[in-house]
>>> print(open('structure.cif').read())   # mmCIF, C-alpha atoms
data_structure
#
loop_
_atom_site.label_atom_id
_atom_site.label_comp_id
_atom_site.auth_asym_id
_atom_site.auth_seq_id
_atom_site.Cartn_x
_atom_site.Cartn_y
_atom_site.Cartn_z
CA MET T 10 -20.68 68.60 -23.86
CA SER T 11 -19.65 66.18 -26.59
CA VAL T 12 -22.00 63.39 -27.62
CA ASP T 13 -18.96 61.08 -27.25
CA THR T 14 -18.90 61.74 -23.51
CA PRO T 15 -19.27 58.55 -21.47
CA ARG T 16 -22.75 58.40 -19.92
CA ARG T 17 -23.90 56.68 -16.74
CA ILE T 18 -27.35 55.31 -16.02
CA VAL T 19 -28.26 54.08 -12.55
CA LEU T 20 -31.46 52.09 -12.24
CA LEU T 21 -32.73 52.12 -8.65
CA ARG T 22 -35.70 50.00 -7.67
CA HIS T 23 -37.87 51.51 -4.93
CA ALA T 24 -37.37 50.19 -1.41
CA LYS T 25 -39.72 47.66 0.22
CA ALA T 26 -43.33 48.88 0.13
CA ASP T 27 -46.18 48.22 2.51
CA TRP T 28 -49.56 46.78 1.45
CA PRO T 29 -52.21 48.99 3.10
CA GLN T 30 -55.70 49.33 1.62
CA VAL T 31 -54.74 52.00 -0.93
CA SER T 32 -54.23 51.96 -4.69
CA ASP T 33 -50.95 50.47 -5.91
CA HIS T 34 -49.73 53.93 -6.95
CA GLU T 35 -50.20 55.25 -3.39
CA ARG T 36 -48.49 52.41 -1.50
CA PRO T 37 -45.97 53.82 1.04
CA LEU T 38 -42.70 52.27 2.15
CA ALA T 39 -42.70 49.57 4.79
CA GLU T 40 -40.45 49.88 7.85
CA ARG T 41 -37.73 47.84 6.08
CA GLY T 42 -38.01 50.16 3.08
CA ARG T 43 -37.49 53.22 5.26
CA THR T 44 -34.35 51.53 6.61
CA ASP T 45 -33.01 50.29 3.25
CA ALA T 46 -33.52 53.50 1.22
CA PRO T 47 -30.85 55.56 3.05
CA VAL T 48 -28.47 52.58 2.87
CA ALA T 49 -29.01 52.49 -0.90
CA GLY T 50 -28.32 56.24 -0.97
CA ARG T 51 -25.00 55.73 0.83
CA LYS T 52 -24.08 52.96 -1.62
CA LEU T 53 -24.98 55.28 -4.51
CA ALA T 54 -22.69 57.91 -2.98
CA ASP T 55 -19.93 55.27 -2.78
CA THR T 56 -20.07 54.84 -6.58
CA GLY T 57 -18.59 58.33 -6.94
CA ILE T 58 -21.11 59.23 -9.65
CA THR T 59 -22.32 62.82 -9.59
CA PHE T 60 -25.86 62.66 -10.90
CA ASP T 61 -26.98 65.49 -13.14
CA LEU T 62 -30.58 64.32 -13.25
CA ALA T 63 -32.93 62.05 -11.31
CA LEU T 64 -36.06 60.74 -13.01
CA CYS T 65 -38.43 59.36 -10.38
CA SER T 66 -41.74 57.58 -10.79
CA THR T 67 -44.70 59.45 -9.33
CA ALA T 68 -45.69 56.45 -7.18
CA ALA T 69 -45.57 57.15 -3.42
CA ARG T 70 -43.01 54.39 -2.72
CA THR T 71 -40.55 55.68 -5.33
CA ARG T 72 -40.88 59.29 -4.20
CA GLU T 73 -40.31 58.21 -0.58
CA THR T 74 -37.32 56.03 -1.57
CA TRP T 75 -35.71 58.91 -3.43
CA LYS T 76 -36.40 61.40 -0.62
CA LEU T 77 -34.56 59.12 1.85
CA ALA T 78 -31.74 58.12 -0.54
CA VAL T 79 -30.90 61.55 -1.98
CA HIS T 80 -30.03 62.93 1.47
CA GLU T 81 -27.06 60.55 1.50
CA LEU T 82 -25.57 61.95 -1.73
CA PRO T 83 -22.92 64.69 -1.68
CA HIS T 84 -24.71 66.53 -4.51
CA ARG T 85 -28.48 66.71 -4.96
CA PRO T 86 -29.38 66.37 -8.66
CA ARG T 87 -32.28 68.06 -10.39
CA THR T 88 -35.25 65.73 -9.86
CA VAL T 89 -38.13 65.26 -12.26
CA TYR T 90 -41.15 63.22 -11.19
CA GLU T 91 -42.17 61.31 -14.29
CA GLU T 92 -45.51 59.49 -14.62
CA ARG T 93 -44.18 57.41 -17.53
CA LEU T 94 -41.80 55.54 -15.18
CA TYR T 95 -44.71 53.85 -13.42
CA ASP T 96 -45.25 50.33 -14.83
CA ALA T 97 -42.96 51.09 -17.81
CA SER T 98 -41.50 48.47 -20.13
CA PRO T 99 -37.79 48.50 -21.08
CA GLY T 100 -38.68 50.04 -24.45
CA GLU T 101 -40.69 52.82 -22.79
CA LEU T 102 -37.82 53.48 -20.38
CA VAL T 103 -35.30 53.71 -23.26
CA ALA T 104 -37.66 56.12 -25.06
CA LEU T 105 -37.71 58.27 -21.91
CA LEU T 106 -33.90 58.20 -21.67
CA ASN T 107 -33.69 59.14 -25.37
CA GLU T 108 -35.31 62.47 -24.42
CA VAL T 109 -32.55 63.41 -21.94
CA SER T 110 -30.45 66.45 -22.90
CA ASP T 111 -26.89 65.70 -23.99
CA GLU T 112 -25.72 68.19 -21.35
CA VAL T 113 -26.53 65.46 -18.83
CA ARG T 114 -23.78 62.92 -18.17
CA SER T 115 -25.34 60.80 -15.44
CA VAL T 116 -28.98 59.90 -14.75
CA VAL T 117 -30.58 57.93 -11.94
CA LEU T 118 -34.00 56.39 -12.61
CA ILE T 119 -36.05 55.50 -9.55
CA GLY T 120 -38.67 53.01 -10.61
CA HIS T 121 -40.28 49.61 -10.35
CA ASN T 122 -39.82 45.99 -11.23
CA PRO T 123 -40.02 44.26 -13.56
CA GLY T 124 -38.91 47.35 -15.53
CA MET T 125 -35.68 48.13 -13.65
CA HIS T 126 -34.38 44.56 -13.85
CA ALA T 127 -35.51 44.05 -17.44
CA LEU T 128 -33.92 47.33 -18.55
CA SER T 129 -30.65 46.45 -16.80
CA ASP T 130 -30.59 43.11 -18.60
CA SER T 131 -31.66 44.61 -21.93
CA LEU T 132 -29.21 47.52 -21.97
CA ALA T 133 -26.21 45.41 -20.89
CA GLY T 134 -24.54 44.21 -24.07
CA SER T 135 -21.57 43.43 -21.83
CA ALA T 136 -20.67 43.43 -18.15
CA GLU T 137 -17.62 44.10 -16.00
CA GLY T 138 -16.45 41.58 -13.40
CA ASP T 139 -19.19 39.61 -11.68
CA ALA T 140 -21.86 42.35 -11.82
CA LEU T 141 -24.14 40.38 -14.16
CA ALA T 142 -23.80 37.18 -12.12
CA ARG T 143 -24.63 39.07 -8.91
CA MET T 144 -27.65 40.75 -10.51
CA THR T 145 -28.90 37.46 -11.95
CA ARG T 146 -28.41 35.65 -8.65
CA SER T 147 -30.27 38.23 -6.54
CA GLY T 148 -33.10 38.97 -8.98
CA PHE T 149 -33.11 42.78 -8.42
CA PRO T 150 -34.85 43.02 -5.02
CA THR T 151 -36.26 46.21 -3.55
CA ALA T 152 -33.69 49.02 -3.02
CA ALA T 153 -31.25 47.34 -5.45
CA PHE T 154 -29.52 49.32 -8.18
CA SER T 155 -27.49 48.71 -11.29
CA VAL T 156 -24.94 51.03 -12.88
CA LEU T 157 -24.58 51.03 -16.66
CA SER T 158 -22.37 53.05 -18.97
CA PHE T 159 -22.45 53.81 -22.67
CA ASP T 160 -20.82 56.22 -25.11
CA GLY T 161 -22.78 58.53 -27.36
CA SER T 162 -25.80 60.77 -27.18
CA TRP T 163 -28.89 59.91 -25.18
CA LYS T 164 -30.80 59.78 -28.46
CA SER T 165 -28.48 56.98 -29.60
CA LEU T 166 -29.11 54.77 -26.54
CA GLU T 167 -30.63 51.45 -27.50
CA LEU T 168 -30.95 47.98 -26.05
CA GLY T 169 -27.66 46.07 -25.87
CA LYS T 170 -25.55 49.23 -26.17
CA GLY T 171 -24.52 49.56 -22.53
CA THR T 172 -22.06 47.96 -20.17
CA LEU T 173 -23.18 46.80 -16.74
CA VAL T 174 -20.41 48.16 -14.53
CA ASP T 175 -21.85 47.60 -11.04
CA TYR T 176 -24.75 46.10 -9.18
CA TRP T 177 -25.72 46.35 -5.52
CA ALA T 178 -28.58 44.89 -3.47
CA PRO T 179 -29.30 45.13 0.25
CA HIS T 180 -29.30 41.99 2.37
CA SER T 181 -27.10 40.11 -0.11
#
>>> encode(input="structure.cif", output="structure tokens")
Amino acid sequence: MSVDTPRRIVLLRHAKADWPQVSDHERPLAERGRTDAPVAGRKLADTGITFDLALCSTAARTRETWKLAVHELPHRPRTVYEERLYDASPGELVALLNEVSDEVRSVVLIGHNPGMHALSDSLAGSAEGDALARMTRSGFPTAAFSVLSFDGSWKSLELGKGTLVDYWAPHS
């Protein structure tokens, strides 16, 4: 596949988590999260993007979100559970994306805030339609996702290089 192939990155924040007496990493989804995650999956399916790869944080709430969302997709991508997604900064997330093989056209990252929102903002050098206004207005709540595109190899991805092409949040 050419390095000039258009690439898609979807940044999905985990669904609403519960607050039981467990470590942050082991927090499960709340009832609302278990309801919102499949809805997010259906909205991801509606984008028409065929994901080649899913990179999911190892936290319980992200794994549970992805398990519920992926069943709504017409094609199940290869999924890698990646510890570095937990509590990652935008720079750390870009470094992770820079490692993706150029055979991959579309990636979905299932992670946490503030990283998902900050990366969406940081990657988007431009935006289509009202996607940026909608993302700014809603503040990237749980189960929200952004869709970004860029041209080039994954190694060439850097902040400001992408275009925010879509944004969706539940309950908005």
>>> closest_residue(input="structure.cif", among="T:Ser165, T:Thr88, T:Ser110, T:Ser147", to="His180 in chain T", atoms="all atoms listed in the file")
T:Ser147
>>> resolve_selection(input="structure.cif", expression="the PyMOL selection byres ((chain T and resi 16) around 6)", output="list in words")
Pro15, Arg17, Arg114, Ser115, Ser158, Phe159 and Asp160 of chain T
>>> residues_around(input="structure.cif", residues="Ala46 in chain T", least_positions_apart="6", cutoff="12 Å", atoms="all atoms listed in the file", output="PyMOL selection string")
chain T and resi 21-26+38-40+52-53+70-82+119+151-154+178-179
>>> closest_residue(input="structure.cif", among="T:Pro47, T:Val103, T:Leu173, T:Lys164", to="Asp139 in chain T", atoms="all atoms listed in the file")
T:Leu173
>>> closest_residue(input="structure.cif", among="T:Pro86, T:Gly134, T:Pro150, T:Gly100", to="Asp61 in chain T", atoms="all atoms listed in the file")
T:Pro86
>>> closest_residue(input="structure.cif", among="T:Gly169, T:Gly161, T:Gly57, T:Pro99", to="His121 in chain T", atoms="all atoms listed in the file")
T:Pro99
>>> closest_residue(input="structure.cif", among="T:Glu108, T:Ala142, T:Ala54, T:Asp33", to="Tyr95 in chain T", atoms="all atoms listed in the file")
T:Asp33
>>> residues_around(input="structure.cif", residues="Asn122 in chain T", least_positions_apart="2", cutoff="8 Å", atoms="all atoms listed in the file", output="number ranges by chain")
T: 22, 96, 120, 124-127, 149
>>> resolve_selection(input="structure.cif", expression="the PyMOL selection byres ((chain T and resi 94) around 9)", output="ChimeraX atom specification")
/T:64-68,90-93,95-98,101-102,105,118-121,124
>>> atom_distance(input="structure.cif", atom1="CA of Phe60 in chain T", atom2="CA of Asp27 in chain T")
28.3 Å
>>> closest_residue(input="structure.cif", among="T:Val48, T:Val31, T:Val89, T:Met144", to="Asp175 in chain T", atoms="all atoms listed in the file")
T:Met144
>>> decode(input="structure.cif", residues="range 19-36 of chain T", atoms="N, CA and C atoms", output="mmCIF file, in the first residue's frame")
data_model
loop_
_atom_site.group_PDB
_atom_site.id
_atom_site.type_symbol
_atom_site.label_atom_id
_atom_site.label_comp_id
_atom_site.auth_asym_id
_atom_site.auth_seq_id
_atom_site.Cartn_x
_atom_site.Cartn_y
_atom_site.Cartn_z
ATOM 1 N N VAL T 19 -9.644 6.995 14.239
ATOM 2 C CA VAL T 19 -10.818 7.244 15.054
ATOM 3 C C VAL T 19 -10.376 7.149 16.504
ATOM 4 N N LEU T 20 -10.699 8.181 17.258
ATOM 5 C CA LEU T 20 -10.359 8.237 18.672
ATOM 6 C C LEU T 20 -11.652 8.078 19.465
ATOM 7 N N LEU T 21 -11.795 6.940 20.126
ATOM 8 C CA LEU T 21 -12.995 6.598 20.880
ATOM 9 C C LEU T 21 -12.683 6.636 22.368
ATOM 10 N N ARG T 22 -13.391 7.489 23.080
ATOM 11 C CA ARG T 22 -13.244 7.514 24.534
ATOM 12 C C ARG T 22 -14.105 6.394 25.114
ATOM 13 N N HIS T 23 -13.603 5.725 26.138
ATOM 14 C CA HIS T 23 -14.375 4.659 26.784
ATOM 15 C C HIS T 23 -15.729 5.189 27.232
ATOM 16 N N ALA T 24 -16.683 4.287 27.363
ATOM 17 C CA ALA T 24 -18.017 4.646 27.845
ATOM 18 C C ALA T 24 -17.969 4.917 29.349
ATOM 19 N N LYS T 25 -19.088 5.395 29.879
ATOM 20 C CA LYS T 25 -19.189 5.812 31.286
ATOM 21 C C LYS T 25 -18.796 4.678 32.229
ATOM 22 N N ALA T 26 -17.845 4.973 33.118
ATOM 23 C CA ALA T 26 -17.351 3.978 34.068
ATOM 24 C C ALA T 26 -17.989 4.160 35.441
ATOM 25 N N ASP T 27 -18.004 3.071 36.186
ATOM 26 C CA ASP T 27 -18.486 3.070 37.555
ATOM 27 C C ASP T 27 -17.320 3.427 38.478
ATOM 28 N N TRP T 28 -17.616 3.664 39.749
ATOM 29 C CA TRP T 28 -16.598 4.050 40.730
ATOM 30 C C TRP T 28 -16.574 3.093 41.923
ATOM 31 N N PRO T 29 -16.455 1.784 41.694
ATOM 32 C CA PRO T 29 -16.391 0.870 42.852
ATOM 33 C C PRO T 29 -15.021 1.003 43.539
ATOM 34 N N GLN T 30 -14.871 0.316 44.647
ATOM 35 C CA GLN T 30 -13.618 0.370 45.411
ATOM 36 C C GLN T 30 -12.567 -0.555 44.779
ATOM 37 N N VAL T 31 -12.110 -0.164 43.579
ATOM 38 C CA VAL T 31 -11.040 -0.878 42.878
ATOM 39 C C VAL T 31 -10.063 0.171 42.346
ATOM 40 N N SER T 32 -8.918 -0.278 41.891
ATOM 41 C CA SER T 32 -7.963 0.676 41.309
ATOM 42 C C SER T 32 -8.566 1.308 40.061
ATOM 43 N N ASP T 33 -8.077 2.480 39.693
ATOM 44 C CA ASP T 33 -8.591 3.175 38.513
ATOM 45 C C ASP T 33 -8.518 2.283 37.278
ATOM 46 N N HIS T 34 -7.434 1.554 37.126
ATOM 47 C CA HIS T 34 -7.233 0.702 35.952
ATOM 48 C C HIS T 34 -8.297 -0.392 35.855
ATOM 49 N N GLU T 35 -8.858 -0.810 36.969
ATOM 50 C CA GLU T 35 -9.815 -1.928 36.999
ATOM 51 C C GLU T 35 -11.277 -1.481 37.056
ATOM 52 N N ARG T 36 -11.538 -0.187 36.931
ATOM 53 C CA ARG T 36 -12.921 0.301 36.997
ATOM 54 C C ARG T 36 -13.741 -0.240 35.822
#
